[in-house]
Amino acid sequence: MKKLYSIFIGLISFASFGQTIYSENMGTPTGNTAVATYVTGTAPATFQNGSPIVYTGTSGANMMRVSTASSGYTGASGNGNVFFNQTTNVGHFFQIDGINTSAYSAADLKLSFGMLSTSIATSQLIVEQSTNGGSTWTPLSYTAPTAANSWTLVSISGGAIPSSTTLSLRFTQPSTATTPVSTQFRIDDVKVENVSASCTLSLGTPVVACVTSTSGLDNYTVTIPYTGGATATYTITTTGVVSGDNPTTTAAGNIIITMSESVTGTQSVTVSSSPTCTFTTNFTSPDNCIATNSLPVNEPFNYAVGTQLNTSQMWKNSSVGADEILAVSGNLTYTGITSTGNSVSFTGTGSDTLLPFTDTTSGDLFTSFLVKVSDLTGISTTGSTYFAVLTNASNAFTVARIYFKTDGTNFQYGISPTTTVADIVWSANTYAVNSTQYLVLRYDFTNNSLSLYENPTIGGSASPSVVVTPTTALTSLANFILRQDSATSTPAMTIDELTITTTPNFTLSSASFSQIDGLKMYPNPVKGDNLHIETALNGSIEVAIFDLVGKQVVSTKVVNNTVNVANLTTGVYVVKITEEGKTSTKKLVIE
């Protein structure tokens with residue numbers, strides 16, 4: 001099967017019948033960044049082009065921005081752009097050196113760029129060219145945008161761009177003498193093209209797709225749409241195997257390149273018909289071509305010690321951090337479970353690593369694993385973090401999480417279907433460092449019930465330690481993630497014997513199959529002394545109330561559908577309600 005990765009980077013030409021000589025979409029800044037700093041960044045948070053292209057800008061000015069992304073014109077890349085602030089940046093500039101247009105006639109050269117102005121100023125952004133390294137500059141005339149705060153594609157052609165081996169372009173903020181002080185400018189998608197009629201081929205945006213049919217031997221394909229073919233004899237140069245349509249004989253179609261997954265990073269495909277008609281498009285390989293794992297998933301972590309989990313055939317990184325999750329020697333043990341292979345370990349800040357599995361939308365899903373917390377040094381006693389996550393097919397993190405917190409000596413687990421701290425329901429069980437727990441996270445699609453089982457007996461019966469009813473029912477579970485948070489949140493942990501399946505390896509007690517019929521708990525929040533609880537049966541009902549550190553603060557029976565909560569202080573609590581062997585857990589807020 002295939003998983004698509006749309007890649008929108010590289011030196012590509014859009015929709016125009018011309019040959020792109022130089023193109024720059026400004027990458028994707030992670031924040032306001034100076035040009036000099038941005039040059040040394042890592043893709044995509046840097047410029048597309050490296051040597052011989054050189055980028056400079058006014059020292060100290062954070063000109064690279066990701067806000068107000070370009071849009072509304074053909075080829076708008078929609079990510080990073082160059083920002084000129086009239087209020088503080090009078091005379092500030094952005095300069096591009098090293099463009100080679102010497103193989104083309106000046107009459108056929110065209111410069112285009114996306115531009116936004118916050119007002120229709122008397123004087124617009126100054127655009128200039130130089131062929132002697134900036135010793136002298138020649139202004140370039142252009143038609144300015146006619147609407148404020150709207151991106152426009154500006155074009156300059158008709159011999160204004162010279163044929164040169166050392167073409168430089170400069171964009172400069174105008175003086176306040178002719179421009180309102182509040183005017184701001186942005187530019188994006190700077191492009192130099194040869195628009196000669198003899199170079200009619202136009203390459204579209206590459207689409208990279210994993211081909212994950214054989215474990216360990218997977219490839220990926222690069223599909224490059226094109227138009228304007230069948231006008232010359234074209235040669236395609238690449239490290240992969242070429243197939244698909246032939247631009248020499250077919251006017252429009254798709255060039256397909258099959259690449260080995262061992263070919264990583266940024267790669268190029270060049271299509272040429274003569275020394276003056278050369279078209280190059282760049283693309284980035286996917287980080288890891290992996291297949292969706294079929295249920296049931298059994299992961300014994302049978303990897304060599306030191307192996308990064310994200311390099312295995314079952315896993316990939318969903319985010320990249322300072323440290324990777326690594327295979328370590330040995331196993332965790334638990335009665336009834338036979339451990340094989342090794343295990344994996346992580347601590348503190350690092351990558352989040354994801355295992356995709358068959359998208360599950362009905363019935364039950366059980367995710368189980370062994371876990372040992374081996375060190376709490378430096379871990380905050382006032383916060384909490386999640387370290388294991390089930391997500392839906394779109395990998396939205398607000399689905400099902402297992403949380404951890406410590407008091408400095410022992411620790412406990414909780415679960416939540418949201419990112420809100422107040423929604424975490426904590427187990428009353430606490431554990432010591434270097435002890436092993438068997439955790440099972442279950443979601444019941446039929447009853448919209450998220451449950452955590454702690455240390456169930458293999459082959460025996462078990463009731464959940466915690467049950468949560470998500471406000472919005474889950475509709476899909478398709479990924480499992482091991483997550484690293486921060487040095488003060490994620491302790492040293494070892495994980496072993498991961499299983500994802502639709503059936504448990506223990507017997508579910510009656511209390512875990514169904515919640516209490518017709519259960520109502522009100523008011524919530526409580527502002528007075530009494531909490532009211534009703535059920536369809538209205539039988540003998542027992543109530544236990546726990547604070548957020550798992551301490552039981554109320555244990556009583558419901559009398560006349562009422563529980564006295566006058567002694568509870570303002571805050572969030574967990575209410576465990578039991579009636580004839582059935583148990584439900586709800587969150588309670590005291591105001």
# chains A, B, ... in the order shown; residues from 1 in each chain; ligands from 1
$ closest_atom_pairs --of "stretch 19-76 of chain A" --to "stretch 193-203 of chain A" --cutoff "9 Å" --atoms "only C-alpha atoms" --output "CSV"
residue,atom,partner,partner_atom,distance
A:Gln19,CA,A:Asn194,CA,5.0
A:Thr20,CA,A:Glu193,CA,4.4
A:Ile21,CA,A:Glu193,CA,5.3
A:Tyr22,CA,A:Glu193,CA,7.0
A:Ser23,CA,A:Glu193,CA,8.5
$ residues_around --residues "A:Thr494" --least-positions-apart "5" --cutoff "7 Å" --atoms "only C-alpha atoms" --output "list of chain:residue names"
A:Ser343, A:Val344, A:Ser345, A:Phe346, A:Val371, A:Lys372, A:Val373
$ write_last_selection --atoms "C-alpha atoms" --output "PDB file, in the first residue's frame"
ATOM      1  CA  SER A 343      13.292  -3.405  25.060  1.00  0.00           C
ATOM      2  CA  VAL A 344      13.408   0.345  24.394  1.00  0.00           C
ATOM      3  CA  SER A 345      14.312   3.221  26.692  1.00  0.00           C
ATOM      4  CA  PHE A 346      13.978   7.006  26.729  1.00  0.00           C
ATOM      5  CA  VAL A 371       6.716  -0.204  31.554  1.00  0.00           C
ATOM      6  CA  LYS A 372       9.345   0.506  34.198  1.00  0.00           C
ATOM      7  CA  VAL A 373      10.244   3.946  35.564  1.00  0.00           C
TER       8      VAL A 373
END
$ atom_distance --atom1 "atom CA of A:Ala148" --atom2 "atom CA of A:Ala61"
23.6 Å
$ atom_distance --atom1 "atom CA of A:Thr382" --atom2 "atom CA of A:Ala492"
17.6 Å
$ residues_around --residues "A:Ile495" --least-positions-apart "3" --cutoff "12 Å" --atoms "only C-alpha atoms" --output "number ranges by chain"
A: 299-301, 309, 325-333, 339, 342-347, 368-374, 387-388, 436-439, 482-483, 492, 498-499
